[in-house]
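Below is the file final27.txt, which contains compact mmCIF, C-alpha atoms.
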# COMPACT_ATOMS: atom_id res chain seq x y z
CA MET A 14 82.72 79.45 107.78
CA ARG A 15 83.93 76.94 105.20
CA THR A 16 87.52 77.20 104.05
CA ARG A 17 87.96 76.36 100.41
CA THR A 18 91.10 76.18 98.34
CA TYR A 19 91.20 75.94 94.58
CA PRO A 20 93.83 75.37 91.89
CA ALA A 21 94.52 78.16 89.43
CA ALA A 22 93.32 76.73 86.10
CA ALA A 23 89.90 77.61 84.73
CA ALA A 24 87.82 75.05 82.83
CA LEU A 25 84.20 76.12 82.87
CA ALA A 26 82.76 73.43 80.62
CA ALA A 27 84.31 70.68 82.69
CA ALA A 28 82.97 72.37 85.81
CA LEU A 29 79.41 71.94 84.66
CA VAL A 30 80.00 68.21 84.22
CA LEU A 31 81.31 68.06 87.78
CA ALA A 32 78.29 69.96 89.02
CA SER A 33 75.91 67.51 87.36
CA CYS A 34 77.73 64.63 89.04
CA GLY A 35 77.23 66.27 92.44
CA SER A 36 80.20 67.48 94.43
CA GLY A 37 80.77 69.48 97.58
CA ASP A 38 77.58 68.36 99.36
CA ASP A 39 79.40 66.32 102.00
CA ASP A 40 80.74 69.40 103.81
CA ALA A 41 77.59 71.48 103.46
CA GLY A 42 76.04 72.76 106.66
CA ASP A 43 72.40 73.23 107.55
CA GLY A 44 72.35 76.94 106.67
CA LEU A 45 72.07 78.68 103.34
CA GLN A 46 75.09 78.00 101.15
CA VAL A 47 76.47 81.42 100.16
CA ASP A 48 79.51 82.02 97.96
CA ALA A 49 81.06 85.50 98.31
CA SER A 50 83.45 86.44 95.55
CA PHE A 51 86.09 88.04 97.81
CA TYR A 52 86.75 89.05 101.41
CA PRO A 53 84.78 92.31 102.00
CA LEU A 54 81.60 90.68 100.70
CA GLU A 55 82.35 87.56 102.70
CA PHE A 56 82.60 89.77 105.80
CA VAL A 57 79.20 91.36 105.19
CA VAL A 58 77.48 88.01 104.55
CA GLU A 59 78.96 86.55 107.73
CA ARG A 60 77.83 89.54 109.81
CA VAL A 61 74.32 89.65 108.36
CA GLY A 62 73.73 85.91 108.03
CA GLY A 63 75.39 84.83 111.26
CA ASP A 64 74.96 81.16 112.10
CA LEU A 65 72.17 80.84 109.54
CA VAL A 66 74.52 80.91 106.57
CA ASP A 67 77.47 78.79 105.49
CA VAL A 68 79.81 81.23 103.74
CA GLY A 69 82.41 80.16 101.23
CA GLY A 70 85.03 82.64 100.04
CA ILE A 71 85.69 82.22 96.32
CA THR A 72 89.01 84.10 96.56
CA PRO A 73 91.47 82.36 98.91
CA PRO A 74 92.87 84.41 101.84
CA GLY A 75 95.84 86.54 100.82
CA ALA A 76 95.22 86.12 97.09
CA ASP A 77 94.79 88.98 94.64
CA PRO A 78 91.10 88.96 93.62
CA HIS A 79 91.86 90.73 90.33
CA SER A 80 93.89 87.79 89.01
CA LEU A 81 91.65 85.03 90.35
CA GLU A 82 91.33 81.89 88.25
CA LEU A 83 88.67 79.25 88.83
CA SER A 84 88.94 75.48 88.93
CA PRO A 85 86.17 73.17 87.71
CA ALA A 86 85.37 72.28 91.34
CA GLN A 87 84.96 75.93 92.26
CA VAL A 88 82.65 76.65 89.34
CA ALA A 89 80.61 73.60 90.32
CA GLU A 90 80.19 75.00 93.85
CA ILE A 91 79.10 78.36 92.43
CA ASP A 92 76.49 76.53 90.36
CA ALA A 93 75.21 74.70 93.47
CA ALA A 94 75.11 77.73 95.78
CA ASP A 95 71.91 79.11 97.27
CA LEU A 96 73.33 82.60 96.79
CA VAL A 97 76.38 84.11 95.08
CA VAL A 98 77.44 87.61 96.15
CA TYR A 99 79.78 89.52 93.83
CA ILE A 100 80.75 92.85 92.27
CA PRO A 101 80.48 92.83 88.46
CA THR A 102 83.65 93.60 86.47
CA LEU A 103 85.92 93.23 89.51
CA GLN A 104 86.80 89.60 88.78
CA ALA A 105 86.48 88.44 85.20
CA ALA A 106 86.62 84.78 86.23
CA VAL A 107 83.58 85.18 88.50
CA ASP A 108 81.66 87.02 85.77
CA GLU A 109 82.44 84.21 83.31
CA ALA A 110 81.44 81.51 85.80
CA LEU A 111 78.09 83.17 86.49
CA ALA A 112 77.43 83.33 82.75
CA VAL A 113 77.51 79.53 82.50
CA THR A 114 76.07 78.47 85.86
CA GLU A 115 72.70 78.74 87.56
CA PRO A 116 73.00 79.33 91.32
CA ALA A 117 69.65 79.70 93.07
CA ALA A 118 70.18 83.45 93.53
CA VAL A 119 72.77 86.09 92.64
CA PHE A 120 73.36 89.36 94.49
CA ASP A 121 75.00 92.33 92.75
CA ALA A 122 76.67 94.26 95.57
CA ALA A 123 77.47 97.24 93.37
CA ASP A 124 73.83 97.70 92.44
CA ALA A 125 72.82 97.51 96.10
CA SER A 126 75.38 100.18 96.99
CA GLY A 127 74.00 102.60 94.42
CA VAL A 128 77.22 102.78 92.40
CA THR A 129 76.57 103.34 88.71
CA GLU A 130 77.88 101.05 85.98
CA GLU A 131 80.02 103.92 84.69
CA SER A 132 81.66 104.46 88.09
CA LEU A 133 82.12 100.73 88.56
CA ALA A 134 83.86 100.38 85.19
CA HIS A 135 86.26 103.13 86.19
CA ASP A 136 86.87 101.89 89.75
CA PRO A 137 85.31 98.81 91.42
CA HIS A 138 86.77 99.42 94.93
CA LEU A 139 83.50 100.66 96.38
CA TRP A 140 83.86 98.75 99.67
CA LEU A 141 86.36 101.36 100.92
CA ASP A 142 83.48 103.80 101.44
CA PRO A 143 81.63 102.73 104.63
CA GLU A 144 78.42 104.40 103.49
CA LEU A 145 78.33 102.28 100.35
CA MET A 146 78.85 99.19 102.48
CA GLU A 147 75.69 100.11 104.41
CA GLY A 148 73.64 99.63 101.26
CA ILE A 149 75.27 96.25 100.66
CA ALA A 150 74.45 95.13 104.22
CA GLY A 151 70.79 96.05 103.83
CA GLY A 152 70.57 94.47 100.41
CA ILE A 153 72.06 91.19 101.61
CA ALA A 154 69.60 91.12 104.52
CA ASP A 155 66.75 91.50 102.03
CA ARG A 156 68.08 88.77 99.75
CA LEU A 157 68.67 86.33 102.62
CA THR A 158 65.14 87.05 103.82
CA GLU A 159 63.78 86.08 100.40
CA LEU A 160 65.62 82.76 100.67
CA ASP A 161 64.81 82.16 104.36
CA PRO A 162 61.77 84.25 105.35
CA ASP A 163 61.38 82.55 108.73
CA ASN A 164 64.57 84.27 109.89
CA ALA A 165 63.82 87.73 108.52
CA ASP A 166 64.02 89.33 111.99
CA VAL A 167 67.47 87.84 112.61
CA PHE A 168 68.85 89.09 109.29
CA ALA A 169 67.36 92.55 109.85
CA ALA A 170 68.81 92.80 113.37
CA ASN A 171 72.24 91.63 112.22
CA ALA A 172 72.24 94.12 109.35
CA GLU A 173 71.21 96.89 111.73
CA GLY A 174 74.18 96.05 113.99
CA LEU A 175 76.59 96.09 111.07
CA VAL A 176 75.21 99.37 109.74
CA ALA A 177 75.69 100.92 113.19
CA ASP A 178 79.34 99.83 113.13
CA LEU A 179 79.78 101.24 109.61
CA GLN A 180 78.22 104.56 110.62
CA GLU A 181 80.57 104.76 113.60
CA LEU A 182 83.47 104.04 111.25
CA ASP A 183 82.31 106.73 108.84
CA THR A 184 82.11 109.27 111.67
CA ALA A 185 85.61 108.34 112.82
CA TYR A 186 86.96 108.96 109.32
CA ALA A 187 85.07 112.22 108.86
CA ASP A 188 86.28 113.55 112.21
CA GLY A 189 89.78 112.13 111.93
CA LEU A 190 90.36 113.57 108.45
CA ALA A 191 88.47 116.82 108.97
CA ASP A 192 91.64 118.88 108.58
CA CYS A 193 92.81 116.93 105.53
CA ALA A 194 90.41 118.21 102.86
CA GLY A 195 92.36 118.50 99.62
CA ALA A 196 95.36 116.55 100.90
CA THR A 197 97.22 114.56 98.25
CA LEU A 198 97.00 110.80 98.79
CA VAL A 199 99.74 109.04 96.80
CA VAL A 200 99.15 105.28 96.54
CA SER A 201 100.65 102.39 94.64
CA HIS A 202 97.48 101.96 92.56
CA ASP A 203 94.12 103.69 92.20
CA ALA A 204 92.20 101.60 94.73
CA PHE A 205 91.15 104.40 97.07
CA GLY A 206 89.03 106.61 94.84
CA TYR A 207 85.75 106.07 96.72
CA LEU A 208 87.44 106.65 100.07
CA ALA A 209 89.19 109.76 98.74
CA ASP A 210 85.98 111.19 97.29
CA ARG A 211 84.06 110.64 100.53
CA TYR A 212 86.62 112.32 102.77
CA GLY A 213 87.90 115.06 100.49
CA LEU A 214 91.28 113.65 99.50
CA ASP A 215 93.03 113.87 96.12
CA GLN A 216 94.16 110.37 95.10
CA VAL A 217 97.25 109.95 92.92
CA GLY A 218 98.03 106.39 91.85
CA ILE A 219 101.46 105.32 90.67
CA SER A 220 100.26 102.46 88.45
CA GLY A 221 96.64 103.38 87.76
CA ILE A 222 93.73 101.04 88.39
CA ASN A 223 95.68 97.85 87.61
CA PRO A 224 97.87 96.89 90.60
CA ASP A 225 100.11 94.73 88.40
CA ALA A 226 100.79 97.38 85.76
CA GLU A 227 104.37 98.56 85.56
CA PRO A 228 104.46 102.40 85.60
CA SER A 229 106.52 104.03 82.90
CA PRO A 230 109.54 106.20 83.75
CA ALA A 231 107.51 109.20 82.63
CA ARG A 232 104.73 108.31 85.10
CA LEU A 233 107.24 107.92 87.92
CA ARG A 234 108.67 111.37 87.13
CA GLU A 235 105.14 112.79 87.04
CA VAL A 236 104.25 111.33 90.44
CA GLY A 237 107.57 112.49 91.85
CA ALA A 238 106.78 116.05 90.77
CA ILE A 239 103.32 115.83 92.36
CA VAL A 240 104.88 114.66 95.63
CA GLU A 241 107.29 117.57 95.70
CA GLU A 242 104.74 120.19 94.65
CA ASN A 243 102.22 119.11 97.30
CA ASP A 244 104.63 118.60 100.20
CA VAL A 245 103.75 114.90 100.41
CA HIS A 246 105.70 113.11 103.16
CA THR A 247 104.40 109.55 102.73
CA ILE A 248 103.63 107.27 99.78
CA PHE A 249 101.35 104.35 100.59
CA PHE A 250 101.84 100.79 99.38
CA GLU A 251 99.68 97.69 99.78
CA VAL A 252 99.89 94.32 101.50
CA ILE A 253 99.09 91.91 98.65
CA THR A 254 100.96 93.45 95.71
CA SER A 255 104.72 94.06 95.61
CA PRO A 256 105.86 97.32 97.27
CA ASP A 257 109.13 97.48 95.31
CA VAL A 258 108.19 100.24 92.85
CA THR A 259 106.60 102.38 95.57
CA ARG A 260 109.58 102.03 97.88
CA ALA A 261 112.04 102.76 95.08
CA LEU A 262 110.18 105.96 94.16
CA ALA A 263 109.97 107.04 97.81
CA ASP A 264 113.70 106.44 98.32
CA ASP A 265 114.49 108.35 95.14
CA ILE A 266 112.61 111.48 96.23
CA GLY A 267 113.31 111.18 99.94
CA VAL A 268 109.89 110.50 101.48
CA GLU A 269 108.50 107.82 103.78
CA THR A 270 106.35 104.80 102.94
CA ALA A 271 103.48 103.24 104.87
CA VAL A 272 100.90 100.51 104.39
CA LEU A 273 97.37 101.38 103.27
CA ASP A 274 95.32 98.23 102.85
CA PRO A 275 92.72 98.17 100.02
CA ILE A 276 91.16 95.16 101.82
CA GLU A 277 91.01 93.09 98.67
CA GLY A 278 91.68 90.08 100.87
CA GLN A 279 92.09 89.22 104.53
CA THR A 280 95.78 88.96 105.37
CA ASP A 281 95.35 88.70 109.15
CA ALA A 282 92.76 86.27 110.50
CA ASP A 283 92.52 88.31 113.71
CA ALA A 284 91.66 91.58 111.92
CA ASP A 285 88.33 91.91 110.12
CA TYR A 286 87.17 94.58 107.68
CA ILE A 287 86.30 97.06 110.44
CA ASP A 288 89.66 96.56 112.18
CA VAL A 289 91.61 97.13 108.97
CA MET A 290 89.61 100.24 108.11
CA TYR A 291 90.51 101.74 111.50
CA ALA A 292 94.16 100.82 110.91
CA ASN A 293 93.95 102.57 107.55
CA LEU A 294 92.57 105.67 109.25
CA GLU A 295 95.52 105.74 111.64
CA ALA A 296 97.91 105.38 108.70
CA LEU A 297 96.23 108.25 106.85
CA GLN A 298 96.33 110.51 109.89
CA ALA A 299 100.02 109.80 110.35
CA GLY A 300 101.02 110.02 106.70
CA LEU A 301 98.94 112.75 105.06
CA THR A 302 99.97 116.38 104.95
CA CYS A 303 96.95 118.11 106.48
CA GLY A 304 96.09 121.60 107.64
CA GLY A 305 94.72 122.43 111.05
Written as structure tokens, how would this file's structure read?
Amino acid sequence: MRTRTYPAAAALAAALVLASCGSGDDDAGDGLQVDASFYPLEFVVERVGGDLVDVGGITPPGADPHSLELSPAQVAEIDAADLVVYIPTLQAAVDEALAVTEPAAVFDAADASGVTEESLAHDPHLWLDPELMEGIAGGIADRLTELDPDNADVFAANAEGLVADLQELDTAYADGLADCAGATLVVSHDAFGYLADRYGLDQVGISGINPDAEPSPARLREVGAIVEENDVHTIFFEVITSPDVTRALADDIGVETAVLDPIEGQTDADADYIDVMYANLEALQAGLTCGG
């Protein structure tokens, strides 16, 4: 995997000039050059493509994908890619870059998952539902096969292995949260809607869909009342965004806090998407108020 770092400023017109001059070819490998817009998609491409792809992560490790800005060099690499994998509306900078560049192929992961445009506009965090990730894995295998038909069997076998892992993960969640149907899941922002819908949880976000939004005092009082009415013992915060508001609310109403990772980036190089999803399951089992 290639590691790329980029400055924060965006200058799309200048990027096209850089692309025409030719940049980034010196470090290119022999495989297909694939740019994945952020970590969960990067994970799928790496699993499906294996050694036959050279994956570049557009969002640096540990960065918030929502606030991503693109440099001219990064836009130039997008323009030169064999394939760009992204989720529309999740990252405005990526959408804007794709509007002014011409990579050889573009893969819409949301479309492959079956998520509608309406659902995506409301909540783009579809990767937290393992079943939706299965559709992405299969779709990426198909797109890589179009670009490299000689290795179709390899892509298909790799996708099959990933889908098996995702199905095992889905079963673990369904079994592990079987007694939690209707449980109230209070989180720092509304990133877990797809996960909640799949496993019968009722998500309540403190700051809504925007992780950087500052909740009003009225919203904090409203969430506090929900916590008390539903016998919630734990409020979940995230690893990339600040936990200060969540912890302050939890302290104020006398409940615990715990980490629930929306996997918007990889914060531990030794823990991949599957590992973090299992860690999330353990956190949910420990923190939710469930029947049984």
For segment 158-245 of chain A versus segment 291-294 of chain A, which residues have an atom no more than 9 Å away, and what is each residue's nearest atom pair and distance in Å rounded to one decimal, using all atoms listed in the file, chain-then-number order, as CSV?
residue,atom,partner,partner_atom,distance
A:Leu182,CA,A:Tyr291,CA,7.4
A:Ala185,CA,A:Leu294,CA,8.3
A:Tyr186,CA,A:Leu294,CA,6.5
A:Gly189,CA,A:Leu294,CA,7.5
A:Leu190,CA,A:Leu294,CA,8.2
Query raised in the report: If you measure from atom CA of Gly152 of chain A to atom CA of Ala165 of chain A, what distance in Å do you get, rounded to one decimal?
Result: 12.5 Å
Report task. Tell me which of A:Val113, A:Val68, A:Ala123, A:Ala296 sits closest to Gly148 of chain A, counting all atoms listed in the file. Result ->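 Looking only at the distances to Gly148 of chain A, the closest residue turns out to be A:Ala123.
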Query raised in the report: What lies within 9 Å of segment 270-274 of chain A using all atoms listed in the file, ignoring chain neighbours under 3 positions off, as a PyMOL selection string?
Result: chain A and resi 200+246-253+259-260+263-264+277+289-290+292-294+296-297+300
Just to be explicit: take each residue in the selection above, keep C-alpha atoms, and write the result as a compact mmCIF listing (two decimals), keeping the file's coordinate frame.
# COMPACT_ATOMS: atom_id res chain seq x y z
CA VAL A 200 99.15 105.28 96.54
CA HIS A 246 105.70 113.11 103.16
CA THR A 247 104.40 109.55 102.73
CA ILE A 248 103.63 107.27 99.78
CA PHE A 249 101.35 104.35 100.59
CA PHE A 250 101.84 100.79 99.38
CA GLU A 251 99.68 97.69 99.78
CA VAL A 252 99.89 94.32 101.50
CA ILE A 253 99.09 91.91 98.65
CA THR A 259 106.60 102.38 95.57
CA ARG A 260 109.58 102.03 97.88
CA ALA A 263 109.97 107.04 97.81
CA ASP A 264 113.70 106.44 98.32
CA GLU A 277 91.01 93.09 98.67
CA VAL A 289 91.61 97.13 108.97
CA MET A 290 89.61 100.24 108.11
CA ALA A 292 94.16 100.82 110.91
CA ASN A 293 93.95 102.57 107.55
CA LEU A 294 92.57 105.67 109.25
CA ALA A 296 97.91 105.38 108.70
CA LEU A 297 96.23 108.25 106.85
CA GLY A 300 101.02 110.02 106.70
**Report entry** Point-to-point distance in Å for atom CA of Val268 of chain A and atom CA of Thr302 of chain A
**Finding:**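 Rounded to one decimal, the two atoms are 12.0 Å apart.
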Requested in this report: Could you check which of A:Thr72, A:Gln216, A:Ser255, A:Gln87 is closest to Ala194 of chain A, using only C-alpha atoms?
Outcome: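 Closest to Ala194 of chain A, using only C-alpha atoms: A:Gln216.
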Report summary line: From the list A:Asp136, A:Asp124, A:Glu227, A:Glu269, the nearest residue to Leu208 of chain A using all atoms listed in the file is A:Asp136
Requested in this report: Skip Asp77 of chain A itself and residues of its chain fewer than 2 positions away, then list as a VMD selection string all residues within 9 Å of it, counting all atoms listed in the file.
Outcome: chain A and resid 72 to 75 79 to 81 253 to 254 277 to 278
Query raised in the report: With all atoms listed in the file as the basis for distance, which of A:Pro143, A:Pro230, A:Gly151, A:Gly174 is at the shortest distance from Ala209 of chain A?
Result: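 Between A:Pro143, A:Pro230, A:Gly151, A:Gly174, the residue approaching Ala209 of chain A most closely is A:Pro143.
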Query raised in the report: Using all atoms listed in the file, which residue out of A:Ala110, A:Ala89, A:Leu157, A:Val217 lies closest to Leu65 of chain A?
Result: A:Leu157
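Within 12 Å of the point (65.6, 88.7, 107.8) in file coordinates, and counting only C-alpha atoms, lie the residues Val61, Gly62, Gly63, Leu65, Val66, Ala150, Gly151, Gly152, Ile153, Ala154, Asp155, Arg156, Leu157, Thr158, Glu159, Leu160, Asp161, Pro162, Asp163, Asn164, Ala165, Asp166, Val167, Phe168, Ala169, Ala170, Asn171, Ala172 and Glu173 of chain A.
The smallest atom-to-atom distance between Gly69 of chain A and any of A:Leu83, A:Ala94, A:Ala49, A:Val245, using all atoms listed in the file, is found for A:Ala49.
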Given 5 Å of margin on each side, can you work out the centre and size in Å (one decimal) of an axis-aligned box holding every listed atom of segment 279-288 of chain A, as lines of an AutoDock Vina configuration file?
center_x = 91.0
center_y = 91.7
center_z = 109.1
size_x = 19.5
size_y = 20.8
size_z = 19.2
Query raised in the report: What's the 8 Å shell around Leu179 of chain A, counting all atoms listed in the file, without same-chain residues fewer than 2 positions away, as a ChimeraX atom specification?
Result: /A:143-144,146-147,175-177,181-183,287
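Interatomic distance, atom CA of Asp210 of chain A to atom CA of Leu141 of chain A: 10.5 Å.
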Query raised in the report: If you count only C-alpha atoms, which residues fall within 8 Å of segment 95-98 of chain A, apart from same-chain ones fewer than 3 positions away, as a list in words?
Result: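 Listed by chain and then number, they are Leu45, Gln46, Val47, Asp48, Ala49, Ser50, Leu54, Ile91, Pro116, Ala117, Ala118, Val119, Phe120, Asp121 and Ala122 of chain A.
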**Report entry** Who sits within 12 Å of Ala226 of chain A, only C-alpha atoms, same chain under 6 positions skipped, as a PyMOL selection string
**Finding:** chain A and resi 201-203+218-220+232+254-255+258
Kindly export the residues of the current selection with C-alpha atoms, as an mmCIF file, keeping the file's coordinate frame.
data_model
loop_
_atom_site.group_PDB
_atom_site.id
_atom_site.type_symbol
_atom_site.label_atom_id
_atom_site.label_comp_id
_atom_site.auth_asym_id
_atom_site.auth_seq_id
_atom_site.Cartn_x
_atom_site.Cartn_y
_atom_site.Cartn_z
ATOM 1 C CA SER A 201 100.650 102.390 94.640
ATOM 2 C CA HIS A 202 97.480 101.960 92.560
ATOM 3 C CA ASP A 203 94.120 103.690 92.200
ATOM 4 C CA GLY A 218 98.030 106.390 91.850
ATOM 5 C CA ILE A 219 101.460 105.320 90.670
ATOM 6 C CA SER A 220 100.260 102.460 88.450
ATOM 7 C CA ARG A 232 104.730 108.310 85.100
ATOM 8 C CA THR A 254 100.960 93.450 95.710
ATOM 9 C CA SER A 255 104.720 94.060 95.610
ATOM 10 C CA VAL A 258 108.190 100.240 92.850
#
